[in-house]
file final17.txt (compact mmCIF, C-alpha atoms)
# COMPACT_ATOMS: atom_id res chain seq x y z
CA MET H 2 16.62 -2.76 -30.02
CA THR H 3 16.95 0.99 -30.13
CA PHE H 4 18.96 3.60 -28.28
CA ASP H 5 16.50 6.34 -29.19
CA LEU H 6 15.51 7.52 -25.69
CA GLN H 7 12.19 9.00 -26.84
CA ARG H 8 11.17 5.68 -28.37
CA VAL H 9 12.30 3.78 -25.29
CA LEU H 10 10.27 6.08 -23.02
CA GLU H 11 7.21 5.84 -25.27
CA SER H 12 7.49 2.06 -25.27
CA LYS H 13 7.69 2.05 -21.47
CA ARG H 14 4.60 4.26 -21.25
CA ALA H 15 2.76 1.94 -23.60
CA LEU H 16 3.70 -1.09 -21.47
CA ARG H 17 2.48 0.66 -18.32
CA ARG H 18 -0.80 1.64 -20.01
CA ASN H 19 -1.23 -1.93 -21.15
CA LEU H 20 -0.59 -3.30 -17.65
CA ALA H 21 -2.90 -0.74 -16.04
CA GLY H 22 -5.69 -1.75 -18.42
CA ARG H 23 -5.58 -5.45 -17.56
CA PRO H 24 -8.45 -6.94 -15.48
CA VAL H 25 -8.12 -6.30 -11.73
CA ALA H 26 -7.92 -10.03 -10.89
CA GLU H 27 -4.99 -10.40 -13.27
CA LYS H 28 -3.22 -7.37 -11.78
CA LEU H 29 -3.70 -8.69 -8.24
CA ALA H 30 -2.23 -12.03 -9.35
CA MET H 31 0.77 -10.03 -10.63
CA LEU H 32 1.14 -8.51 -7.15
CA ASP H 33 1.24 -12.04 -5.72
CA ALA H 34 3.99 -12.98 -8.17
CA LEU H 35 5.94 -9.74 -7.55
CA ARG H 36 5.81 -10.34 -3.82
CA ASP H 37 6.98 -13.95 -4.15
CA ARG H 38 9.90 -12.74 -6.25
CA ALA H 39 10.79 -9.96 -3.79
CA ARG H 40 10.71 -12.46 -0.91
CA ALA H 41 12.90 -14.92 -2.81
CA ILE H 42 15.47 -12.20 -3.55
CA ARG H 43 15.38 -11.04 0.05
CA GLY H 44 15.78 -14.63 1.30
CA ALA H 45 18.72 -15.25 -1.03
CA ALA H 46 20.38 -12.04 0.12
CA THR H 47 20.01 -13.08 3.77
CA ARG H 48 21.43 -16.56 3.09
CA GLN H 49 24.35 -15.03 1.21
CA GLU H 50 25.06 -12.74 4.12
CA THR H 51 25.11 -15.59 6.63
CA ALA H 52 27.37 -17.66 4.36
CA VAL H 53 30.06 -14.98 4.36
CA LEU H 54 33.11 -16.03 6.34
CA ARG H 55 33.79 -13.43 8.93
CA GLU H 56 36.79 -13.02 11.10
CA SER H 57 35.64 -12.92 14.66
CA PRO H 58 37.00 -10.00 16.59
CA PRO H 59 39.60 -10.76 19.20
CA GLU H 60 38.39 -11.03 22.72
CA TYR H 61 39.78 -8.20 24.69
CA ARG H 62 40.31 -9.44 28.16
CA VAL H 63 40.84 -7.10 30.98
CA ASN H 64 43.18 -8.37 33.57
CA THR H 65 41.46 -7.56 36.78
CA ARG H 66 43.81 -9.62 38.89
CA LYS H 67 46.03 -7.58 41.07
CA ASP H 68 49.48 -9.05 41.47
CA MET Y 1 -1.73 -17.77 -1.18
CA SER Y 2 -3.19 -14.74 -2.92
CA ILE Y 3 -4.62 -11.29 -2.40
CA ALA Y 4 -7.92 -12.57 -3.78
CA GLN Y 5 -8.07 -14.94 -0.77
CA VAL Y 6 -7.29 -12.03 1.56
CA ILE Y 7 -10.20 -10.07 0.07
CA SER Y 8 -12.57 -13.03 0.56
CA ALA Y 9 -11.45 -13.38 4.19
CA ILE Y 10 -12.05 -9.66 4.84
CA ASN Y 11 -15.46 -9.78 3.19
CA GLY Y 12 -16.27 -12.60 5.60
CA MET Y 13 -15.12 -10.53 8.57
CA GLU Y 14 -17.32 -7.62 7.51
CA ALA Y 15 -20.31 -9.90 6.90
CA ASP Y 16 -19.84 -11.39 10.37
CA GLY Y 17 -20.09 -7.90 11.85
CA VAL Y 18 -16.57 -7.66 13.29
CA VAL Y 19 -16.04 -4.23 11.71
CA GLY Y 20 -18.43 -1.62 10.36
CA ARG Y 21 -16.97 -1.16 6.88
CA TYR Y 22 -13.66 -1.79 5.20
CA ALA Y 23 -11.82 -0.48 2.15
CA ILE Y 24 -8.53 -1.37 0.53
CA GLY Y 25 -5.95 1.43 0.36
CA GLY Y 26 -2.20 1.70 -0.25
CA ALA Y 27 -0.38 0.04 -3.12
CA VAL Y 28 -2.93 -2.76 -3.46
CA GLY Y 29 -5.74 -0.19 -3.70
CA ALA Y 30 -3.76 1.74 -6.32
CA THR Y 31 -3.38 -1.45 -8.38
CA PHE Y 32 -7.13 -1.36 -9.06
CA TYR Y 33 -6.47 1.78 -11.18
CA LEU Y 34 -2.79 1.60 -12.19
CA GLU Y 35 -0.19 -0.90 -13.28
CA PRO Y 36 0.83 -3.26 -10.45
CA VAL Y 37 3.75 -2.10 -8.29
CA ALA Y 38 5.47 -4.54 -5.94
CA THR Y 39 4.36 -4.30 -2.33
CA LEU Y 40 4.95 -6.47 0.69
CA ASP Y 41 1.75 -5.83 2.62
CA VAL Y 42 -1.95 -5.04 2.31
CA ASP Y 43 -3.45 -1.93 3.93
CA ILE Y 44 -7.08 -2.31 4.97
CA PHE Y 45 -8.87 0.70 6.42
CA VAL Y 46 -11.71 -0.17 8.74
CA ALA Y 47 -14.50 1.68 10.47
CA PHE Y 48 -14.63 0.31 13.99
CA ARG Y 49 -17.87 -0.34 15.78
CA GLU Y 50 -18.13 2.00 18.73
CA GLU Y 51 -18.68 0.26 22.04
CA PRO Y 52 -20.26 2.23 24.89
CA GLY Y 53 -17.63 3.55 27.27
CA GLN Y 54 -14.78 2.59 24.95
CA ILE Y 55 -12.32 5.41 24.27
CA LEU Y 56 -9.42 3.60 22.61
CA ILE Y 57 -9.90 1.75 19.35
CA SER Y 58 -8.86 -1.88 19.66
CA LEU Y 59 -7.78 -4.24 16.90
CA ARG Y 60 -8.37 -7.13 19.26
CA PRO Y 61 -11.73 -8.27 17.78
CA ILE Y 62 -10.18 -8.38 14.29
CA PHE Y 63 -7.10 -10.28 15.46
CA ASP Y 64 -9.21 -12.71 17.54
CA TYR Y 65 -11.49 -13.32 14.55
CA PHE Y 66 -8.63 -14.21 12.21
CA VAL Y 67 -6.53 -16.13 14.74
CA ALA Y 68 -9.57 -18.37 15.28
CA ARG Y 69 -9.51 -18.99 11.51
CA GLY Y 70 -5.80 -19.77 11.21
CA GLY Y 71 -4.37 -16.25 10.92
CA VAL Y 72 -1.01 -15.55 12.56
CA ILE Y 73 -0.17 -12.29 14.33
CA GLU Y 74 3.21 -10.74 13.51
CA GLY Y 75 3.67 -7.40 15.24
CA GLU Y 76 1.04 -5.01 13.94
CA TYR Y 77 0.23 -7.35 11.05
CA ILE Y 78 -1.88 -10.41 10.74
CA ILE Y 79 -0.79 -12.94 8.14
CA LEU Y 80 -3.68 -13.99 5.90
CA ALA Y 81 -3.18 -16.25 2.88
CA GLY Y 82 0.55 -15.56 3.17
CA TRP Y 83 0.15 -11.76 3.05
CA PRO Y 84 0.86 -9.46 6.00
CA VAL Y 85 -2.33 -7.43 6.38
CA GLN Y 86 -2.45 -4.22 8.38
CA PHE Y 87 -5.78 -2.92 9.64
CA LEU Y 88 -5.86 0.83 10.03
CA PRO Y 89 -8.47 3.14 11.52
CA PRO Y 90 -9.24 6.32 9.58
CA THR Y 91 -7.04 8.91 11.30
CA THR Y 92 -7.87 12.01 9.25
CA PRO Y 93 -11.13 13.48 7.87
CA LEU Y 94 -9.78 12.72 4.38
CA VAL Y 95 -9.38 9.00 5.14
CA GLU Y 96 -12.79 8.96 6.86
CA GLU Y 97 -14.32 10.38 3.69
CA ALA Y 98 -12.35 7.91 1.54
CA LEU Y 99 -13.76 5.05 3.58
CA ARG Y 100 -17.33 6.40 3.34
CA GLU Y 101 -17.11 6.91 -0.43
CA ALA Y 102 -15.15 3.76 -1.29
CA VAL Y 103 -16.43 1.84 -4.31
CA THR Y 104 -16.99 -1.85 -4.88
CA ALA Y 105 -14.99 -3.54 -7.62
CA ASP Y 106 -15.40 -7.03 -8.96
CA VAL Y 107 -12.44 -9.39 -8.62
CA ASP Y 108 -13.42 -12.50 -10.54
CA GLY Y 109 -16.87 -12.52 -8.98
CA VAL Y 110 -15.70 -11.48 -5.50
CA PRO Y 111 -16.66 -7.96 -4.39
CA ALA Y 112 -13.76 -5.82 -3.14
CA ARG Y 113 -14.28 -2.38 -1.63
CA VAL Y 114 -11.51 0.03 -2.55
CA PHE Y 115 -10.82 3.75 -2.16
CA THR Y 116 -11.58 5.81 -5.27
CA ALA Y 117 -8.59 6.80 -7.41
CA GLU Y 118 -9.11 10.46 -6.42
CA HIS Y 119 -9.05 9.64 -2.71
CA LEU Y 120 -5.96 7.43 -3.08
CA ALA Y 121 -4.22 10.28 -4.92
CA ALA Y 122 -5.27 12.86 -2.31
CA ILE Y 123 -4.11 10.60 0.53
CA ALA Y 124 -0.76 10.16 -1.26
CA LEU Y 125 -0.46 13.94 -1.51
CA GLN Y 126 -1.33 14.36 2.16
CA THR Y 127 1.05 11.63 3.33
CA GLY Y 128 3.84 13.02 1.17
CA ARG Y 129 6.60 10.39 1.42
CA ALA Y 130 8.76 9.79 -1.65
CA LYS Y 131 6.82 6.64 -2.57
CA ASP Y 132 3.52 8.51 -2.16
CA LYS Y 133 4.70 11.22 -4.54
CA ALA Y 134 5.74 8.55 -7.04
CA ARG Y 135 2.27 6.99 -6.77
CA LEU Y 136 0.58 10.36 -7.22
CA LEU Y 137 2.64 10.90 -10.39
CA GLN Y 138 1.50 7.50 -11.63
CA PHE Y 139 -2.14 8.51 -11.13
CA VAL Y 140 -1.60 11.77 -13.01
CA GLU Y 141 0.42 10.25 -15.87
CA ALA Y 142 -2.08 7.43 -16.30
CA GLY Y 143 -4.94 9.93 -16.54
CA ALA Y 144 -6.69 7.90 -13.83
CA LEU Y 145 -8.14 10.91 -12.00
CA GLU Y 146 -11.41 12.68 -12.61
CA VAL Y 147 -10.09 16.23 -12.36
CA GLU Y 148 -13.16 17.99 -10.93
CA ARG Y 149 -13.69 15.33 -8.31
CA PHE Y 150 -10.00 15.39 -7.34
CA GLN Y 151 -9.94 19.19 -7.06
CA ALA Y 152 -13.06 19.17 -4.89
CA ILE Y 153 -11.38 16.71 -2.50
CA LEU Y 154 -8.25 18.89 -2.38
CA LYS Y 155 -10.38 21.95 -1.52
CA ARG Y 156 -12.41 20.16 1.15
CA HIS Y 157 -9.29 18.93 2.91
CA GLY Y 158 -7.02 21.97 2.63
CA LEU Y 159 -4.61 20.39 0.16
CA VAL Y 160 -4.76 22.98 -2.64
CA ASP Y 161 -1.46 24.66 -1.71
CA ARG Y 162 0.29 21.35 -1.34
CA TRP Y 163 -0.99 20.31 -4.77
CA GLY Y 164 0.34 23.60 -6.18
CA GLU Y 165 3.80 22.80 -4.81
CA PHE Y 166 3.62 19.26 -6.17
CA GLU Y 167 2.55 20.51 -9.60
CA LEU Y 168 5.36 23.06 -9.65
CA THR Y 169 7.97 20.50 -8.65
CA PHE Y 170 6.95 17.52 -10.74
CA LEU Y 171 4.55 18.54 -13.47
CA LYS Y 172 5.76 21.89 -14.81
CA ASN Y 173 8.51 21.58 -17.40
CA GLU Y 174 8.91 25.33 -17.85
CA PRO Y 175 10.53 27.43 -15.11
call {"tool": "encode", "arguments": {"input": "final17.txt", "output": "structure tokens"}}
result
Amino acid sequence: MTFDLQRVLESKRALRRNLAGRPVAEKLAMLDALRDRARAIRGAATRQETAVLRESPPEYRVNTRKD
Amino acid sequence: MSIAQVISAINGMEADGVVGRYAIGGAVGATFYLEPVATLDVDIFVAFREEPGQILISLRPIFDYFVARGGVIEGEYIILAGWPVQFLPPTTPLVEEALREAVTADVDGVPARVFTAEHLAAIALQTGRAKDKARLLQFVEAGALEVERFQAILKRHGLVDRWGEFELTFLKNEP
């Protein structure tokens, strides 16, 4: 592992070049996997949101009765 | 559930004469030339067959075709092989040209028609959202564009000034 930013950036560029050069069928299969992952994360986030205990706001009643 | 299945289904639709010609655009189209970038849908540009007396373009024949084969409509999308697919008519001369000049790629023995890299880059420049600019940068950094061909497209479609601004903002390191 290195903290040399130039080396990190060069390594990222090399990875991207490598990915771009893969056969199209393989890259499309990666899109399928990326989408499945994105959907799973999105689904988990939605479930988490619904599991949050929320305090329900008080019901503000308007007394319309005239005494 | 895969994009390869979507491509096969669309080839079938074209062969059955539902649309005139199709080509893949957007992030999926870009993936033919660049590294894959996550996307949630598939953009398919289609040339519609003109019916006599018809003024408005209708997606109805496409939707009917796929619903009869198990597709599910969700808003402006139709779900094919688990992917939301959006069918788009060419709305600018640039996209019309991109559709005309689209090339056929081989996906494990299945033909897939896709916009050229230069047209995808020019469309990204024309559309101009943040994600389009990011994609255009990817094309440039990857050296995926044939420069003369790209410049000719920019000239034909009045995008030279916009390219100049893009170059100045993103590609020039010196002030």
call {"tool": "atom_distance", "arguments": {"input": "final17.txt", "atom1": "CA of Ala112 (chain Y)", "atom2": "CA of Lys133 (chain Y)"}}
result
25.2 Å
call {"tool": "atom_distance", "arguments": {"input": "final17.txt", "atom1": "CA of His157 (chain Y)", "atom2": "CA of Phe48 (chain Y)"}}
result
22.3 Å
call {"tool": "residues_around", "arguments": {"input": "final17.txt", "residues": "region 31-41 of chain H", "least_positions_apart": "3", "cutoff": "8 Å", "atoms": "all atoms listed in the file", "output": "VMD selection string"}}
result
(chain H and resid 27 to 28 44 to 45) or (chain Y and resid 1 to 3 28 36 to 40)
call {"tool": "write_last_selection", "arguments": {"input": "final17.txt", "atoms": "C-alpha atoms", "output": "compact mmCIF listing (two decimals), in the coordinates of the input"}}
result
# COMPACT_ATOMS: atom_id res chain seq x y z
CA GLU H 27 -4.99 -10.40 -13.27
CA LYS H 28 -3.22 -7.37 -11.78
CA GLY H 44 15.78 -14.63 1.30
CA ALA H 45 18.72 -15.25 -1.03
CA MET Y 1 -1.73 -17.77 -1.18
CA SER Y 2 -3.19 -14.74 -2.92
CA ILE Y 3 -4.62 -11.29 -2.40
CA VAL Y 28 -2.93 -2.76 -3.46
CA PRO Y 36 0.83 -3.26 -10.45
CA VAL Y 37 3.75 -2.10 -8.29
CA ALA Y 38 5.47 -4.54 -5.94
CA THR Y 39 4.36 -4.30 -2.33
CA LEU Y 40 4.95 -6.47 0.69
call {"tool": "closest_atom_pairs", "arguments": {"input": "final17.txt", "of": "chain Y", "to": "chain H", "cutoff": "12 Å", "atoms": "all atoms listed in the file", "output": "Markdown table"}}
result
| residue | atom | partner | partner_atom | distance |
| --- | --- | --- | --- | --- |
| Y:Met1 | CA | H:Asp33 | CA | 7.9 |
| Y:Ser2 | CA | H:Asp33 | CA | 5.9 |
| Y:Ile3 | CA | H:Leu29 | CA | 6.5 |
| Y:Ala4 | CA | H:Leu29 | CA | 7.3 |
| Y:Gln5 | CA | H:Leu29 | CA | 10.7 |
| Y:Val6 | CA | H:Leu29 | CA | 11.0 |
| Y:Ile7 | CA | H:Leu29 | CA | 10.6 |
| Y:Ala27 | CA | H:Leu32 | CA | 9.6 |
| Y:Val28 | CA | H:Leu29 | CA | 7.7 |
| Y:Gly29 | CA | H:Leu29 | CA | 9.9 |
| Y:Ala30 | CA | H:Ala21 | CA | 10.1 |
| Y:Thr31 | CA | H:Lys28 | CA | 6.8 |
| Y:Phe32 | CA | H:Val25 | CA | 5.7 |
| Y:Tyr33 | CA | H:Ala21 | CA | 6.5 |
| Y:Leu34 | CA | H:Ala21 | CA | 4.5 |
| Y:Glu35 | CA | H:Ala21 | CA | 3.9 |
| Y:Pro36 | CA | H:Lys28 | CA | 5.9 |
| Y:Val37 | CA | H:Leu32 | CA | 7.0 |
| Y:Ala38 | CA | H:Leu35 | CA | 5.5 |
| Y:Thr39 | CA | H:Arg36 | CA | 6.4 |
| Y:Leu40 | CA | H:Arg36 | CA | 6.0 |
| Y:Asp41 | CA | H:Arg36 | CA | 8.8 |
| Y:Val42 | CA | H:Leu32 | CA | 10.5 |
| Y:Ala81 | CA | H:Asp33 | CA | 10.5 |
| Y:Gly82 | CA | H:Asp33 | CA | 9.6 |
| Y:Trp83 | CA | H:Asp33 | CA | 8.8 |
| Y:Pro84 | CA | H:Arg36 | CA | 11.0 |
| Y:Ala105 | CA | H:Val25 | CA | 8.5 |
| Y:Asp106 | CA | H:Val25 | CA | 7.8 |
| Y:Val107 | CA | H:Ala26 | CA | 5.1 |
| Y:Asp108 | CA | H:Ala26 | CA | 6.0 |
| Y:Gly109 | CA | H:Ala26 | CA | 9.5 |
| Y:Val110 | CA | H:Ala26 | CA | 9.6 |
| Y:Pro111 | CA | H:Ala26 | CA | 11.1 |
| Y:Ala112 | CA | H:Val25 | CA | 10.3 |
| Y:Val114 | CA | H:Val25 | CA | 11.7 |
| Y:Gln138 | CA | H:Arg17 | CA | 9.6 |
| Y:Phe139 | CA | H:Ala21 | CA | 10.5 |
| Y:Glu141 | CA | H:Arg14 | CA | 9.1 |
| Y:Ala142 | CA | H:Arg18 | CA | 7.0 |
| Y:Gly143 | CA | H:Arg18 | CA | 9.9 |
| Y:Ala144 | CA | H:Ala21 | CA | 9.7 |
call {"tool": "residues_around", "arguments": {"input": "final17.txt", "residues": "Asp16 (chain Y)", "least_positions_apart": "4", "cutoff": "12 Å", "atoms": "all atoms listed in the file", "output": "list in words"}}
result
Ala9, Ile10, Asn11, Gly12, Gly20, Arg21, Pro61, Ile62, Tyr65 and Phe66 of chain Y
call {"tool": "decode", "arguments": {"input": "final17.txt", "residues": "region 123-134 of chain Y", "atoms": "all heavy atoms", "output": "short mmCIF file (atom, residue, chain, number, x, y, z; two decimals), in the first residue's frame"}}
result
data_model
loop_
_atom_site.label_atom_id
_atom_site.label_comp_id
_atom_site.auth_asym_id
_atom_site.auth_seq_id
_atom_site.Cartn_x
_atom_site.Cartn_y
_atom_site.Cartn_z
N ILE Y 123 -22.99 13.53 -28.32
CA ILE Y 123 -24.32 13.61 -27.66
C ILE Y 123 -24.14 14.01 -26.19
O ILE Y 123 -24.89 14.84 -25.67
CB ILE Y 123 -25.08 12.27 -27.79
CG1 ILE Y 123 -25.49 12.04 -29.25
CG2 ILE Y 123 -26.32 12.24 -26.89
CD1 ILE Y 123 -25.96 10.62 -29.57
N ALA Y 124 -23.11 13.47 -25.55
CA ALA Y 124 -22.84 13.85 -24.14
C ALA Y 124 -22.53 15.33 -24.06
O ALA Y 124 -23.00 16.04 -23.15
CB ALA Y 124 -21.68 13.02 -23.59
N LEU Y 125 -21.75 15.83 -25.02
CA LEU Y 125 -21.42 17.26 -25.04
C LEU Y 125 -22.68 18.09 -25.25
O LEU Y 125 -22.89 19.11 -24.59
CB LEU Y 125 -20.41 17.55 -26.15
CG LEU Y 125 -19.96 19.00 -26.29
CD1 LEU Y 125 -19.13 19.44 -25.10
CD2 LEU Y 125 -19.13 19.18 -27.58
N GLN Y 126 -23.52 17.66 -26.16
CA GLN Y 126 -24.75 18.39 -26.46
C GLN Y 126 -25.72 18.38 -25.28
O GLN Y 126 -26.32 19.39 -24.96
CB GLN Y 126 -25.43 17.79 -27.69
CG GLN Y 126 -26.59 18.61 -28.22
CD GLN Y 126 -27.19 17.99 -29.48
OE1 GLN Y 126 -27.63 16.85 -29.47
NE2 GLN Y 126 -27.18 18.75 -30.56
N THR Y 127 -25.83 17.23 -24.62
CA THR Y 127 -26.77 17.10 -23.50
C THR Y 127 -26.28 17.91 -22.30
O THR Y 127 -27.07 18.62 -21.67
CB THR Y 127 -26.97 15.61 -23.13
OG1 THR Y 127 -27.22 14.89 -24.33
CG2 THR Y 127 -28.14 15.43 -22.19
N GLY Y 128 -25.02 17.75 -21.96
CA GLY Y 128 -24.35 18.68 -21.05
C GLY Y 128 -24.66 18.57 -19.56
O GLY Y 128 -24.31 19.47 -18.81
N ARG Y 129 -25.31 17.48 -19.10
CA ARG Y 129 -25.49 17.34 -17.65
C ARG Y 129 -24.15 16.92 -17.04
O ARG Y 129 -23.24 16.52 -17.76
CB ARG Y 129 -26.55 16.27 -17.34
CG ARG Y 129 -27.93 16.59 -17.85
CD ARG Y 129 -28.79 15.35 -17.87
NE ARG Y 129 -28.20 14.33 -18.73
CZ ARG Y 129 -28.72 13.12 -18.92
NH1 ARG Y 129 -29.82 12.76 -18.32
NH2 ARG Y 129 -28.13 12.25 -19.73
N ALA Y 130 -24.08 17.00 -15.70
CA ALA Y 130 -22.81 16.66 -15.04
C ALA Y 130 -22.35 15.25 -15.42
O ALA Y 130 -21.19 15.03 -15.74
CB ALA Y 130 -22.99 16.78 -13.53
N LYS Y 131 -23.29 14.29 -15.44
CA LYS Y 131 -22.87 12.92 -15.74
C LYS Y 131 -22.45 12.76 -17.21
O LYS Y 131 -21.64 11.91 -17.53
CB LYS Y 131 -23.97 11.91 -15.36
CG LYS Y 131 -25.23 11.94 -16.18
CD LYS Y 131 -26.13 10.79 -15.76
CE LYS Y 131 -27.39 10.73 -16.59
NZ LYS Y 131 -28.25 9.61 -16.24
N ASP Y 132 -23.01 13.62 -18.08
CA ASP Y 132 -22.60 13.58 -19.49
C ASP Y 132 -21.18 14.11 -19.64
O ASP Y 132 -20.38 13.57 -20.41
CB ASP Y 132 -23.55 14.41 -20.35
CG ASP Y 132 -24.96 13.86 -20.31
OD1 ASP Y 132 -25.13 12.67 -20.60
OD2 ASP Y 132 -25.90 14.61 -19.96
N LYS Y 133 -20.88 15.17 -18.86
CA LYS Y 133 -19.52 15.73 -18.93
C LYS Y 133 -18.51 14.72 -18.41
O LYS Y 133 -17.42 14.57 -18.95
CB LYS Y 133 -19.45 17.02 -18.12
CG LYS Y 133 -20.17 18.17 -18.82
CD LYS Y 133 -20.22 19.40 -17.95
CE LYS Y 133 -21.01 20.50 -18.67
NZ LYS Y 133 -21.43 21.56 -17.77
N ALA Y 134 -18.90 14.01 -17.34
CA ALA Y 134 -18.01 12.98 -16.79
C ALA Y 134 -17.76 11.89 -17.83
O ALA Y 134 -16.64 11.42 -18.00
CB ALA Y 134 -18.63 12.39 -15.52
#
